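Some notes on the structure that comes next.
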2 protein chains.
Amino acid sequence: MNIAVIDDDKLVAISLKTILESTGNITVAAMGSSGDEAISIYREIRPDVILMDIRMEGKTGIEAGAEILAEDPSARILYLTTFSDDEYIVKALNMGAKGYILKQDFDGIAPALEAVMNGQTVFGERIITKLPELMKPKSDYDFAAHGISDKEREIMELVAEGLSNKEIAAKLFLGDGTVRNYISTLLEKLCLRDRTQLAVYYYTEVRK
Amino acid sequence: MNIAVIDDDKLVAISLKTILESTGNITVAAMGSSGDEAISIYREIRPDVILMDIRMEGKTGIEAGAEILAEDPSARILYLTTFSDDEYIVKALNMGAKGYILKQDFDGIAPALEAVMNGQTVFGERIITKLPELMKPKSDYDFAAHGISDKEREIMELVAEGLSNKEIAAKLFLGDGTVRNYISTLLEKLCLRDRTQLAVYYYTEVRK
DNA sequence: AAATGAATATTACATTTGTCATATCGGCGC
DNA sequence: GCGCCGATATGACAAATGTAATATTCATTT
């Protein structure tokens, strides 16, 4: 199995190479120390697995991984992290990374590589326990892309709290007919029929 | 590494033993074909890892796993499944299982065992992609405790999909006035004002 | 058999909601 | 200044919604 090791701490990279090659089954075909290097190395030698640090100077492992996976969705990327950088776990997963394990866990790295080589996904010990927390998807709804103005968004949120037109009007110092107009255009833009569907839309699309 | 193999299909169990022992590093110290056997085997020989089928006659792999983990939380259990039994994935995970992989993936099993031996958690290829869906905490809303009948619950769900009274009526073969009556009592019981608030309630309380 | 109670339906009514056409007003570009 | 635009408002109207009182049916209990 040919792998590439990317870590901006040379010492770590070399230690990894030594350890992994001593297992007999693994060849470190290339080493790099930045996201950009990871990308060019991947293009050049197509290693079976990329073992990459998350945090690096310049381009992070995540960014590099995203680019690599965009080019070749079958790329196998296994992330190494010093101490669970929570924020990245989900990002890496959604991106299609094959795993996320702790650097400290030296003995575990070779088996993890083997498993990844075989299509499996691997998580370090403490990492999996955090998943439930992290997994709840944060919304990335783009109002602008849907042509929703600021005021419209505001009104949508109030509808999604269950307020009536009158209540919304009072809260925003508008006429209640105005509120109805806003809702009308909102419904038009989103191809919905009534305020209830608007609320449903909010909970299922915007704040999913 | 000593492992136990539990599968109620003897043929599978024997194949697994053959394959795994041929890797040189793994010893199948015991084989069983039921959840109960798994438990007594674990008590007796304390294998490093238990490789267990999910679906078995009598006690399922999940139930057996729960009992084993209750006795020894450090037990390492790796589940085998024929085809991703969605419902069990989350259960197994929350329970503290070390992984969940597909039986078909013969080559992957040995590396997965190695990884698990080293404290990692492993998922088969297609399995991981389902996690986000399954992970979101399932609601434990108690309709009965709120005096919500079955039909009322049904109607509430349809309102929460954004259907109009007429649509709900058609779907349930009721008069649309009847639907309105149901909604009325629903609103009464939950101290809400209108269908939109009912939908909001659904997304924030019932299916939170 | 009579009484009870649930599920469903009907009707009438008041209110809210959504649509549409139109109006006002404050800038802003030319 | 003039015209135009976006934000806000109005009024009229149809449809949907929520409420309340009452009716029908059917099965269960007494």
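Every chain in the structure tokens takes a letter, A first, then B, and so on in the order presented; its residues are numbered from 1, and the ligands are numbered from 1 following the presented order.
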
Among range 3-206 of chain A, which ones does DSSP assign to strand (DSSP E) (computed from the backbone)? Answer as JSON, numbers by chain.
{"A": [3, 4, 5, 6, 27, 28, 29, 30, 31, 32, 49, 50, 51, 52, 53, 77, 78, 79, 80, 81, 99, 100, 101, 102, 121, 122, 123]}

Same residues, N, CA and C atoms, saved as an mmCIF file, in the first residue's frame:
data_model
loop_
_atom_site.group_PDB
_atom_site.id
_atom_site.type_symbol
_atom_site.label_atom_id
_atom_site.label_comp_id
_atom_site.auth_asym_id
_atom_site.auth_seq_id
_atom_site.Cartn_x
_atom_site.Cartn_y
_atom_site.Cartn_z
ATOM 1 N N ILE A 3 1.286 5.156 0.508
ATOM 2 C CA ILE A 3 0.591 6.285 1.114
ATOM 3 C C ILE A 3 1.448 7.540 1.016
ATOM 4 N N ALA A 4 0.770 8.677 1.242
ATOM 5 C CA ALA A 4 1.492 9.942 1.330
ATOM 6 C C ALA A 4 1.276 10.472 2.734
ATOM 7 N N VAL A 5 2.308 11.012 3.320
ATOM 8 C CA VAL A 5 2.198 11.586 4.662
ATOM 9 C C VAL A 5 2.382 13.093 4.564
ATOM 10 N N ILE A 6 1.409 13.808 5.069
ATOM 11 C CA ILE A 6 1.492 15.273 5.024
ATOM 12 C C ILE A 6 1.393 15.824 6.447
ATOM 13 N N THR A 27 4.121 1.501 2.348
ATOM 14 C CA THR A 27 5.230 2.272 1.794
ATOM 15 C C THR A 27 4.849 3.741 1.791
ATOM 16 N N VAL A 28 5.685 4.543 2.372
ATOM 17 C CA VAL A 28 5.420 5.980 2.320
ATOM 18 C C VAL A 28 6.034 6.494 1.029
ATOM 19 N N ALA A 29 5.189 6.709 0.061
ATOM 20 C CA ALA A 29 5.679 7.033 -1.276
ATOM 21 C C ALA A 29 6.032 8.500 -1.414
ATOM 22 N N ALA A 30 5.509 9.326 -0.506
ATOM 23 C CA ALA A 30 5.826 10.743 -0.586
ATOM 24 C C ALA A 30 5.513 11.413 0.744
ATOM 25 N N MET A 31 6.219 12.487 1.007
ATOM 26 C CA MET A 31 5.925 13.237 2.212
ATOM 27 C C MET A 31 5.805 14.707 1.845
ATOM 28 N N GLY A 32 4.988 15.403 2.573
ATOM 29 C CA GLY A 32 4.836 16.817 2.295
ATOM 30 C C GLY A 32 4.540 17.539 3.585
ATOM 31 N N VAL A 49 -3.669 5.995 -0.039
ATOM 32 C CA VAL A 49 -4.266 6.759 1.059
ATOM 33 C C VAL A 49 -3.389 7.971 1.350
ATOM 34 N N ILE A 50 -4.034 9.067 1.684
ATOM 35 C CA ILE A 50 -3.284 10.232 2.159
ATOM 36 C C ILE A 50 -3.491 10.352 3.653
ATOM 37 N N LEU A 51 -2.399 10.395 4.364
ATOM 38 C CA LEU A 51 -2.462 10.563 5.816
ATOM 39 C C LEU A 51 -2.059 11.996 6.069
ATOM 40 N N MET A 52 -2.999 12.808 6.532
ATOM 41 C CA MET A 52 -2.735 14.249 6.537
ATOM 42 C C MET A 52 -3.128 14.917 7.844
ATOM 43 N N ASP A 53 -2.299 15.848 8.234
ATOM 44 C CA ASP A 53 -2.572 16.651 9.415
ATOM 45 C C ASP A 53 -3.713 17.621 9.097
ATOM 46 N N ILE A 77 -8.743 9.770 2.193
ATOM 47 C CA ILE A 77 -8.007 10.697 3.048
ATOM 48 C C ILE A 77 -8.267 10.375 4.506
ATOM 49 N N LEU A 78 -7.186 10.179 5.232
ATOM 50 C CA LEU A 78 -7.304 9.893 6.659
ATOM 51 C C LEU A 78 -6.649 11.044 7.408
ATOM 52 N N TYR A 79 -7.427 11.694 8.249
ATOM 53 C CA TYR A 79 -6.883 12.864 8.937
ATOM 54 C C TYR A 79 -6.260 12.509 10.270
ATOM 55 N N LEU A 80 -5.204 13.216 10.554
ATOM 56 C CA LEU A 80 -4.537 13.089 11.835
ATOM 57 C C LEU A 80 -4.771 14.383 12.584
ATOM 58 N N THR A 81 -4.993 14.276 13.846
ATOM 59 C CA THR A 81 -5.202 15.504 14.592
ATOM 60 C C THR A 81 -4.527 15.380 15.947
ATOM 61 N N GLY A 99 -11.654 9.133 7.517
ATOM 62 C CA GLY A 99 -11.427 8.924 8.931
ATOM 63 C C GLY A 99 -10.724 10.075 9.597
ATOM 64 N N TYR A 100 -10.565 9.919 10.872
ATOM 65 C CA TYR A 100 -10.152 11.029 11.707
ATOM 66 C C TYR A 100 -9.588 10.417 12.980
ATOM 67 N N ILE A 101 -8.287 10.371 13.077
ATOM 68 C CA ILE A 101 -7.732 9.727 14.269
ATOM 69 C C ILE A 101 -6.663 10.571 14.935
ATOM 70 N N LEU A 102 -6.357 10.223 16.148
ATOM 71 C CA LEU A 102 -5.430 11.006 16.957
ATOM 72 C C LEU A 102 -3.986 10.618 16.674
ATOM 73 N N THR A 121 -14.294 3.315 7.179
ATOM 74 C CA THR A 121 -14.097 4.636 7.759
ATOM 75 C C THR A 121 -13.712 4.438 9.225
ATOM 76 N N VAL A 122 -12.728 5.194 9.675
ATOM 77 C CA VAL A 122 -12.185 4.950 11.011
ATOM 78 C C VAL A 122 -12.174 6.210 11.864
ATOM 79 N N PHE A 123 -12.546 6.035 13.093
ATOM 80 C CA PHE A 123 -12.470 7.153 14.035
ATOM 81 C C PHE A 123 -11.671 6.794 15.257
#

What are the nearest atom pairs, with distances in Å to one decimal, for all residues of chain D that come at most 12 Å from chain B, using only C-alpha atoms (C1' of nucleotides), set out by chain and rising residue number as CSV?
residue,atom,partner,partner_atom,distance
D:DA15,C1',B:Ser164,CA,11.8
D:DA16,C1',B:Ser164,CA,8.4
D:DT17,C1',B:Arg180,CA,8.0
D:DG18,C1',B:Ser184,CA,6.6
D:DT19,C1',B:Ser184,CA,7.6
D:DA20,C1',B:Asn181,CA,10.1

Result of fitting chain B to chain A over every paired C-alpha, as an mmCIF file with C-alpha atoms, in the first residue's frame:
data_model
loop_
_atom_site.group_PDB
_atom_site.id
_atom_site.type_symbol
_atom_site.label_atom_id
_atom_site.label_comp_id
_atom_site.auth_asym_id
_atom_site.auth_seq_id
_atom_site.Cartn_x
_atom_site.Cartn_y
_atom_site.Cartn_z
ATOM 1 C CA MET B 1 2.590 0.102 3.676
ATOM 2 C CA ASN B 2 3.807 3.390 2.275
ATOM 3 C CA ILE B 3 2.184 6.496 3.503
ATOM 4 C CA ALA B 4 2.600 10.229 3.133
ATOM 5 C CA VAL B 5 2.254 12.543 6.111
ATOM 6 C CA ILE B 6 1.060 16.078 5.503
ATOM 7 C CA ASP B 7 0.955 18.536 8.377
ATOM 8 C CA ASP B 8 1.994 22.140 8.486
ATOM 9 C CA ASP B 9 3.312 21.740 11.972
ATOM 10 C CA LYS B 10 6.708 20.158 11.331
ATOM 11 C CA LEU B 11 6.949 18.946 14.869
ATOM 12 C CA VAL B 12 3.744 17.031 14.570
ATOM 13 C CA ALA B 13 4.785 15.617 11.233
ATOM 14 C CA ILE B 14 8.058 14.348 12.606
ATOM 15 C CA SER B 15 6.452 12.910 15.717
ATOM 16 C CA LEU B 16 3.991 11.080 13.541
ATOM 17 C CA LYS B 17 6.761 9.664 11.399
ATOM 18 C CA THR B 18 8.615 8.405 14.442
ATOM 19 C CA ILE B 19 5.588 6.843 16.027
ATOM 20 C CA LEU B 20 4.277 5.238 12.911
ATOM 21 C CA GLU B 21 7.566 3.814 11.716
ATOM 22 C CA SER B 22 8.190 2.285 15.108
ATOM 23 C CA THR B 23 5.224 0.007 14.492
ATOM 24 C CA GLY B 24 7.310 -1.767 11.891
ATOM 25 C CA ASN B 25 4.649 -2.127 9.283
ATOM 26 C CA ILE B 26 4.468 1.451 8.130
ATOM 27 C CA THR B 27 6.901 3.467 6.066
ATOM 28 C CA VAL B 28 6.567 7.194 5.812
ATOM 29 C CA ALA B 29 7.594 7.592 2.210
ATOM 30 C CA ALA B 30 7.141 11.344 2.105
ATOM 31 C CA MET B 31 6.292 14.297 4.268
ATOM 32 C CA GLY B 32 4.783 17.624 3.322
ATOM 33 C CA SER B 33 3.342 20.668 4.970
ATOM 34 C CA SER B 34 0.759 22.068 2.585
ATOM 35 C CA GLY B 35 -2.095 21.064 0.384
ATOM 36 C CA ASP B 36 -0.083 21.698 -2.740
ATOM 37 C CA GLU B 37 2.712 19.512 -1.534
ATOM 38 C CA ALA B 38 0.217 16.797 -0.810
ATOM 39 C CA ILE B 39 -0.914 16.878 -4.402
ATOM 40 C CA SER B 40 2.540 16.729 -5.927
ATOM 41 C CA ILE B 41 3.667 14.074 -3.497
ATOM 42 C CA TYR B 42 0.687 11.949 -4.345
ATOM 43 C CA ARG B 43 1.357 12.277 -8.053
ATOM 44 C CA GLU B 44 4.959 11.340 -7.596
ATOM 45 C CA ILE B 45 5.013 8.443 -5.235
ATOM 46 C CA ARG B 46 1.416 7.242 -4.962
ATOM 47 C CA PRO B 47 1.487 6.319 -1.296
ATOM 48 C CA ASP B 48 -0.975 3.705 -0.116
ATOM 49 C CA VAL B 49 -2.512 6.187 2.269
ATOM 50 C CA ILE B 50 -2.240 9.911 2.784
ATOM 51 C CA LEU B 51 -2.408 11.032 6.376
ATOM 52 C CA MET B 52 -3.276 14.701 6.212
ATOM 53 C CA ASP B 53 -4.122 17.582 8.477
ATOM 54 C CA ILE B 54 -7.363 19.404 7.763
ATOM 55 C CA ARG B 55 -6.318 22.905 8.613
ATOM 56 C CA MET B 56 -3.227 24.166 6.883
ATOM 57 C CA GLU B 57 -1.938 27.435 5.578
ATOM 58 C CA GLY B 58 -2.927 28.030 1.993
ATOM 59 C CA LYS B 59 -4.731 25.116 0.445
ATOM 60 C CA THR B 60 -6.627 23.192 3.102
ATOM 61 C CA GLY B 61 -6.499 19.462 3.452
ATOM 62 C CA ILE B 62 -10.003 19.257 2.139
ATOM 63 C CA GLU B 63 -9.218 21.118 -1.054
ATOM 64 C CA ALA B 64 -6.083 19.094 -1.659
ATOM 65 C CA GLY B 65 -8.006 15.909 -0.971
ATOM 66 C CA ALA B 66 -10.661 16.873 -3.472
ATOM 67 C CA GLU B 67 -8.090 17.397 -6.178
ATOM 68 C CA ILE B 68 -6.330 14.160 -5.434
ATOM 69 C CA LEU B 69 -9.561 12.192 -5.445
ATOM 70 C CA ALA B 70 -10.581 13.838 -8.683
ATOM 71 C CA GLU B 71 -7.420 12.500 -10.270
ATOM 72 C CA ASP B 72 -7.557 9.129 -8.594
ATOM 73 C CA PRO B 73 -10.790 8.137 -6.909
ATOM 74 C CA SER B 74 -9.105 5.136 -5.342
ATOM 75 C CA ALA B 75 -6.766 7.320 -3.316
ATOM 76 C CA ARG B 76 -7.011 6.657 0.391
ATOM 77 C CA ILE B 77 -7.037 9.775 2.471
ATOM 78 C CA LEU B 78 -7.206 9.774 6.241
ATOM 79 C CA TYR B 79 -7.731 13.145 7.859
ATOM 80 C CA LEU B 80 -6.244 14.280 11.097
ATOM 81 C CA THR B 81 -7.879 17.008 13.028
ATOM 82 C CA THR B 82 -7.003 18.806 16.206
ATOM 83 C CA PHE B 83 -10.490 19.135 17.455
ATOM 84 C CA SER B 84 -13.470 18.008 15.495
ATOM 85 C CA ASP B 85 -13.980 20.653 12.844
ATOM 86 C CA ASP B 86 -17.577 19.775 12.385
ATOM 87 C CA GLU B 87 -18.116 21.553 9.122
ATOM 88 C CA TYR B 88 -15.520 19.504 7.348
ATOM 89 C CA ILE B 89 -16.588 16.071 8.405
ATOM 90 C CA VAL B 90 -19.431 15.767 5.986
ATOM 91 C CA LYS B 91 -17.509 17.411 3.199
ATOM 92 C CA ALA B 92 -14.651 14.987 3.625
ATOM 93 C CA LEU B 93 -17.007 12.050 3.709
ATOM 94 C CA ASN B 94 -18.966 12.985 0.643
ATOM 95 C CA MET B 95 -15.713 13.567 -1.127
ATOM 96 C CA GLY B 96 -14.720 9.992 -0.485
ATOM 97 C CA ALA B 97 -12.177 10.334 2.301
ATOM 98 C CA LYS B 98 -11.464 7.175 4.227
ATOM 99 C CA GLY B 99 -11.628 8.593 7.665
ATOM 100 C CA TYR B 100 -11.397 11.343 10.143
ATOM 101 C CA ILE B 101 -9.576 10.943 13.424
ATOM 102 C CA LEU B 102 -8.190 13.048 16.207
ATOM 103 C CA LYS B 103 -4.508 13.898 16.313
ATOM 104 C CA GLN B 104 -4.395 13.543 20.045
ATOM 105 C CA ASP B 105 -5.154 9.906 19.731
ATOM 106 C CA PHE B 106 -1.605 8.824 18.971
ATOM 107 C CA ASP B 107 -2.044 5.134 19.628
ATOM 108 C CA GLY B 108 -5.048 5.024 17.430
ATOM 109 C CA ILE B 109 -3.415 6.326 14.310
ATOM 110 C CA ALA B 110 -1.446 3.263 13.268
ATOM 111 C CA PRO B 111 -4.383 0.864 13.592
ATOM 112 C CA ALA B 112 -6.545 3.360 11.763
ATOM 113 C CA LEU B 113 -4.069 3.379 8.910
ATOM 114 C CA GLU B 114 -4.112 -0.386 8.765
ATOM 115 C CA ALA B 115 -7.870 -0.421 8.636
ATOM 116 C CA VAL B 116 -7.936 2.197 5.916
ATOM 117 C CA MET B 117 -5.317 0.259 3.982
ATOM 118 C CA ASN B 118 -7.828 -2.565 3.951
ATOM 119 C CA GLY B 119 -10.608 -0.504 2.543
ATOM 120 C CA GLN B 120 -12.340 0.392 5.753
ATOM 121 C CA THR B 121 -13.441 3.779 6.894
ATOM 122 C CA VAL B 122 -12.468 4.994 10.348
ATOM 123 C CA PHE B 123 -13.776 7.655 12.682
ATOM 124 C CA GLY B 124 -12.347 8.927 15.894
ATOM 125 C CA GLU B 125 -14.297 8.462 19.049
ATOM 126 C CA ARG B 126 -16.194 11.675 19.474
ATOM 127 C CA ILE B 127 -16.578 12.220 15.798
ATOM 128 C CA ILE B 128 -19.017 9.481 15.042
ATOM 129 C CA THR B 129 -21.495 10.732 17.569
ATOM 130 C CA LYS B 130 -21.890 13.923 15.615
ATOM 131 C CA LEU B 131 -22.665 12.311 12.327
ATOM 132 C CA PRO B 132 -26.421 12.063 12.638
ATOM 133 C CA GLU B 133 -26.595 15.765 13.183
ATOM 134 C CA LEU B 134 -24.299 16.637 10.326
ATOM 135 C CA MET B 135 -25.541 14.090 7.905
ATOM 136 C CA LYS B 136 -28.972 15.401 7.282
ATOM 137 C CA PRO B 137 -28.779 16.943 3.881
ATOM 138 C CA LYS B 138 -28.175 20.620 4.022
ATOM 139 C CA SER B 139 -30.707 22.625 2.159
ATOM 140 C CA ASP B 140 -29.725 24.402 -0.997
ATOM 141 C CA TYR B 141 -32.696 26.702 -0.962
ATOM 142 C CA ASP B 142 -32.080 29.865 -2.881
ATOM 143 C CA PHE B 143 -33.741 32.803 -1.211
ATOM 144 C CA ALA B 144 -32.587 35.253 -3.836
ATOM 145 C CA ALA B 145 -34.203 33.184 -6.567
ATOM 146 C CA HIS B 146 -37.507 33.586 -4.760
ATOM 147 C CA GLY B 147 -36.983 37.292 -4.272
ATOM 148 C CA ILE B 148 -36.677 36.912 -0.515
ATOM 149 C CA SER B 149 -34.674 39.675 1.119
ATOM 150 C CA ASP B 150 -32.389 39.171 4.058
ATOM 151 C CA LYS B 151 -34.762 40.603 6.573
ATOM 152 C CA GLU B 152 -37.591 38.605 5.139
ATOM 153 C CA ARG B 153 -35.584 35.446 5.485
ATOM 154 C CA GLU B 154 -34.826 36.329 9.062
ATOM 155 C CA ILE B 155 -38.474 36.856 9.830
ATOM 156 C CA MET B 156 -39.415 33.670 8.097
ATOM 157 C CA GLU B 157 -37.026 31.768 10.313
ATOM 158 C CA LEU B 158 -38.510 33.274 13.434
ATOM 159 C CA VAL B 159 -42.012 32.428 12.321
ATOM 160 C CA ALA B 160 -40.737 28.901 11.742
ATOM 161 C CA GLU B 161 -39.674 28.804 15.361
ATOM 162 C CA GLY B 162 -43.185 29.576 16.417
ATOM 163 C CA LEU B 163 -42.713 33.155 17.582
ATOM 164 C CA SER B 164 -45.615 35.585 17.561
ATOM 165 C CA ASN B 165 -45.451 38.902 15.750
ATOM 166 C CA LYS B 166 -44.853 40.723 18.987
ATOM 167 C CA GLU B 167 -41.976 38.445 19.882
ATOM 168 C CA ILE B 168 -40.416 38.813 16.479
ATOM 169 C CA ALA B 169 -40.803 42.571 16.662
ATOM 170 C CA ALA B 170 -39.094 42.672 20.047
ATOM 171 C CA LYS B 171 -36.281 40.475 18.849
ATOM 172 C CA LEU B 172 -35.599 42.558 15.771
ATOM 173 C CA PHE B 173 -36.379 45.987 17.256
ATOM 174 C CA LEU B 174 -39.217 46.605 14.854
ATOM 175 C CA GLY B 175 -42.779 47.689 15.299
ATOM 176 C CA ASP B 176 -45.119 44.737 15.380
ATOM 177 C CA GLY B 177 -47.120 46.201 12.548
ATOM 178 C CA THR B 178 -43.919 46.208 10.533
ATOM 179 C CA VAL B 179 -43.465 42.566 11.173
ATOM 180 C CA ARG B 180 -46.967 41.945 9.956
ATOM 181 C CA ASN B 181 -46.190 43.835 6.808
ATOM 182 C CA TYR B 182 -43.113 41.716 6.225
ATOM 183 C CA ILE B 183 -45.092 38.594 6.698
ATOM 184 C CA SER B 184 -47.740 39.888 4.334
ATOM 185 C CA THR B 185 -45.261 40.392 1.532
ATOM 186 C CA LEU B 186 -43.628 37.082 2.321
ATOM 187 C CA LEU B 187 -46.979 35.321 2.002
ATOM 188 C CA GLU B 188 -47.669 37.202 -1.202
ATOM 189 C CA LYS B 189 -44.348 36.244 -2.724
ATOM 190 C CA LEU B 190 -44.658 32.609 -1.820
ATOM 191 C CA CYS B 191 -48.364 32.302 -2.565
ATOM 192 C CA LEU B 192 -49.226 31.257 0.951
ATOM 193 C CA ARG B 193 -52.117 32.207 3.185
ATOM 194 C CA ASP B 194 -50.946 32.465 6.763
ATOM 195 C CA ARG B 195 -47.998 32.146 9.092
ATOM 196 C CA THR B 196 -48.628 28.493 9.702
ATOM 197 C CA GLN B 197 -48.302 27.749 6.026
ATOM 198 C CA LEU B 198 -45.148 29.804 6.082
ATOM 199 C CA ALA B 199 -43.726 27.603 8.806
ATOM 200 C CA VAL B 200 -44.767 24.500 6.922
ATOM 201 C CA TYR B 201 -43.122 25.889 3.820
ATOM 202 C CA TYR B 202 -39.973 26.479 5.787
ATOM 203 C CA TYR B 203 -39.767 22.902 7.011
ATOM 204 C CA THR B 204 -40.727 21.282 3.757
ATOM 205 C CA GLU B 205 -38.997 23.491 1.207
ATOM 206 C CA VAL B 206 -36.280 25.536 2.806
ATOM 207 C CA ARG B 207 -34.884 23.249 5.432
ATOM 208 C CA LYS B 208 -36.018 19.979 3.966
#

d(C1' of DG5 in chain C, C1' of DC26 in chain D) in Å: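 Distance between the two atoms: 10.4 Å.
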
| query | So which one's closest to DT22 in chain C, D:DA21, D:DA9, D:DG1, D:DT28? Using only C-alpha atoms (C1' of nucleotides), please. | reply |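 Looking only at the distances to DT22 in chain C, the closest residue turns out to be D:DA9.
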
So that each row is one residue of chain C with an atom at most 9 Å from chain B, can you give its shortest atom pair and the distance in Å to one decimal, using only C-alpha atoms (C1' of nucleotides), rows by chain and rising number, as a tab-separated table?
residue	atom	partner	partner_atom	distance
C:DT8	C1'	B:Thr178	CA	6.7
C:DA9	C1'	B:Thr178	CA	6.6
C:DT10	C1'	B:Gly177	CA	8.0

Go ahead and write the selection's residues with N, CA and C atoms (P, O5', C5', C4', C3', O3' and C1' of nucleotides) as an mmCIF file, in the first residue's frame.
data_model
loop_
_atom_site.group_PDB
_atom_site.id
_atom_site.type_symbol
_atom_site.label_atom_id
_atom_site.label_comp_id
_atom_site.auth_asym_id
_atom_site.auth_seq_id
_atom_site.Cartn_x
_atom_site.Cartn_y
_atom_site.Cartn_z
ATOM 1 P P DT C 8 -62.916 8.926 12.942
ATOM 2 O "O5'" DT C 8 -64.222 9.665 12.407
ATOM 3 C "C5'" DT C 8 -65.192 8.917 11.720
ATOM 4 C "C4'" DT C 8 -66.383 9.788 11.442
ATOM 5 C "C3'" DT C 8 -66.082 11.004 10.557
ATOM 6 O "O3'" DT C 8 -66.692 10.793 9.285
ATOM 7 C "C1'" DT C 8 -67.567 11.515 12.339
ATOM 8 P P DA C 9 -66.518 11.905 8.120
ATOM 9 O "O5'" DA C 9 -67.825 12.795 8.333
ATOM 10 C "C5'" DA C 9 -69.088 12.178 8.389
ATOM 11 C "C4'" DA C 9 -70.158 13.228 8.634
ATOM 12 C "C3'" DA C 9 -70.011 14.486 7.785
ATOM 13 O "O3'" DA C 9 -71.129 14.520 6.879
ATOM 14 C "C1'" DA C 9 -70.462 14.996 10.078
ATOM 15 P P DT C 10 -71.269 15.658 5.780
ATOM 16 O "O5'" DT C 10 -72.108 16.771 6.526
ATOM 17 C "C5'" DT C 10 -73.248 16.379 7.281
ATOM 18 C "C4'" DT C 10 -73.909 17.604 7.886
ATOM 19 C "C3'" DT C 10 -73.754 18.870 7.033
ATOM 20 O "O3'" DT C 10 -75.056 19.400 6.807
ATOM 21 C "C1'" DT C 10 -73.129 19.286 9.290
#

What parts of range 46-194 of chain A does DSSP call alpha helix (DSSP H)? I'd like the answer as an MDAnalysis selection string. chainID A and resid 61:71 86:95 106:117 125:135 150:159 165:172 176:190

Selected residues written out with C-alpha atoms, as a short mmCIF file (atom, residue, chain, number, x, y, z; two decimals), in the first residue's frame:
data_model
loop_
_atom_site.label_atom_id
_atom_site.label_comp_id
_atom_site.auth_asym_id
_atom_site.auth_seq_id
_atom_site.Cartn_x
_atom_site.Cartn_y
_atom_site.Cartn_z
CA GLY A 61 -5.70 19.82 5.58
CA ILE A 62 -9.41 20.28 5.19
CA GLU A 63 -9.07 22.71 2.30
CA ALA A 64 -6.53 20.53 0.56
CA GLY A 65 -8.73 17.49 1.12
CA ALA A 66 -11.70 19.26 -0.40
CA GLU A 67 -9.75 20.07 -3.52
CA ILE A 68 -8.42 16.58 -3.86
CA LEU A 69 -11.83 15.03 -3.41
CA ALA A 70 -13.29 17.43 -5.92
CA GLU A 71 -10.83 16.12 -8.45
CA ASP A 86 -14.14 19.41 16.93
CA GLU A 87 -15.14 21.91 14.31
CA TYR A 88 -13.42 20.02 11.57
CA ILE A 89 -14.76 16.56 12.23
CA VAL A 90 -18.09 17.10 10.62
CA LYS A 91 -16.65 19.09 7.78
CA ALA A 92 -14.22 16.32 7.00
CA LEU A 93 -16.93 13.72 7.14
CA ASN A 94 -19.36 15.52 4.91
CA MET A 95 -16.58 16.10 2.51
CA PHE A 106 0.84 5.59 17.16
CA ASP A 107 -0.03 1.91 17.21
CA GLY A 108 -3.44 2.59 15.85
CA ILE A 109 -2.38 4.38 12.73
CA ALA A 110 -1.20 1.42 10.67
CA PRO A 111 -4.35 -0.66 11.28
CA ALA A 112 -6.44 2.39 10.54
CA LEU A 113 -4.70 2.76 7.22
CA GLU A 114 -5.37 -0.85 6.40
CA ALA A 115 -9.03 -0.45 7.21
CA VAL A 116 -9.29 2.69 5.13
CA MET A 117 -7.51 0.95 2.29
CA GLU A 125 -11.37 6.60 20.36
CA ARG A 126 -12.60 9.84 21.83
CA ILE A 127 -13.72 11.21 18.55
CA ILE A 128 -16.69 9.02 17.92
CA THR A 129 -18.28 9.94 21.22
CA LYS A 130 -18.50 13.54 20.11
CA LEU A 131 -20.28 12.85 16.90
CA PRO A 132 -23.85 13.08 18.14
CA GLU A 133 -23.15 16.57 19.39
CA LEU A 134 -21.41 17.73 16.26
CA MET A 135 -23.63 16.01 13.81
CA ASP A 150 -33.67 41.30 5.19
CA LYS A 151 -37.15 42.34 6.16
CA GLU A 152 -38.60 39.31 4.49
CA ARG A 153 -36.27 37.07 6.43
CA GLU A 154 -37.30 38.80 9.62
CA ILE A 155 -40.94 38.25 8.86
CA MET A 156 -40.37 34.67 7.93
CA GLU A 157 -38.76 34.07 11.30
CA LEU A 158 -41.70 35.58 13.12
CA VAL A 159 -44.15 33.47 11.15
CA ASN A 165 -50.06 39.04 11.09
CA LYS A 166 -51.29 41.52 13.66
CA GLU A 167 -48.62 40.47 16.13
CA ILE A 168 -45.91 40.68 13.54
CA ALA A 169 -47.15 44.10 12.45
CA ALA A 170 -47.08 45.36 16.04
CA LYS A 171 -43.61 44.00 16.62
CA LEU A 172 -42.17 45.59 13.50
CA ASP A 176 -50.86 44.49 9.19
CA GLY A 177 -51.76 44.69 5.52
CA THR A 178 -48.10 45.35 4.84
CA VAL A 179 -47.18 42.22 6.67
CA ARG A 180 -49.62 40.31 4.56
CA ASN A 181 -48.03 41.73 1.45
CA TYR A 182 -44.61 40.67 2.61
CA ILE A 183 -45.86 37.21 3.27
CA SER A 184 -47.48 37.14 -0.13
CA THR A 185 -44.24 37.87 -1.92
CA LEU A 186 -42.41 35.47 0.32
CA LEU A 187 -44.82 32.72 -0.62
CA GLU A 188 -44.50 33.64 -4.25
CA LYS A 189 -40.72 33.53 -4.17
CA LEU A 190 -40.59 30.20 -2.41
#

When you draw a straight line from C1' of DT15 in chain C to C1' of DT24 in chain D, how long is it in Å?
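Going from C1' of DT15 in chain C over to C1' of DT24 in chain D covers 28.8 Å.
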
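Going from C1' of DC13 in chain D over to C1' of DT24 in chain C, you cover 22.1 Å.
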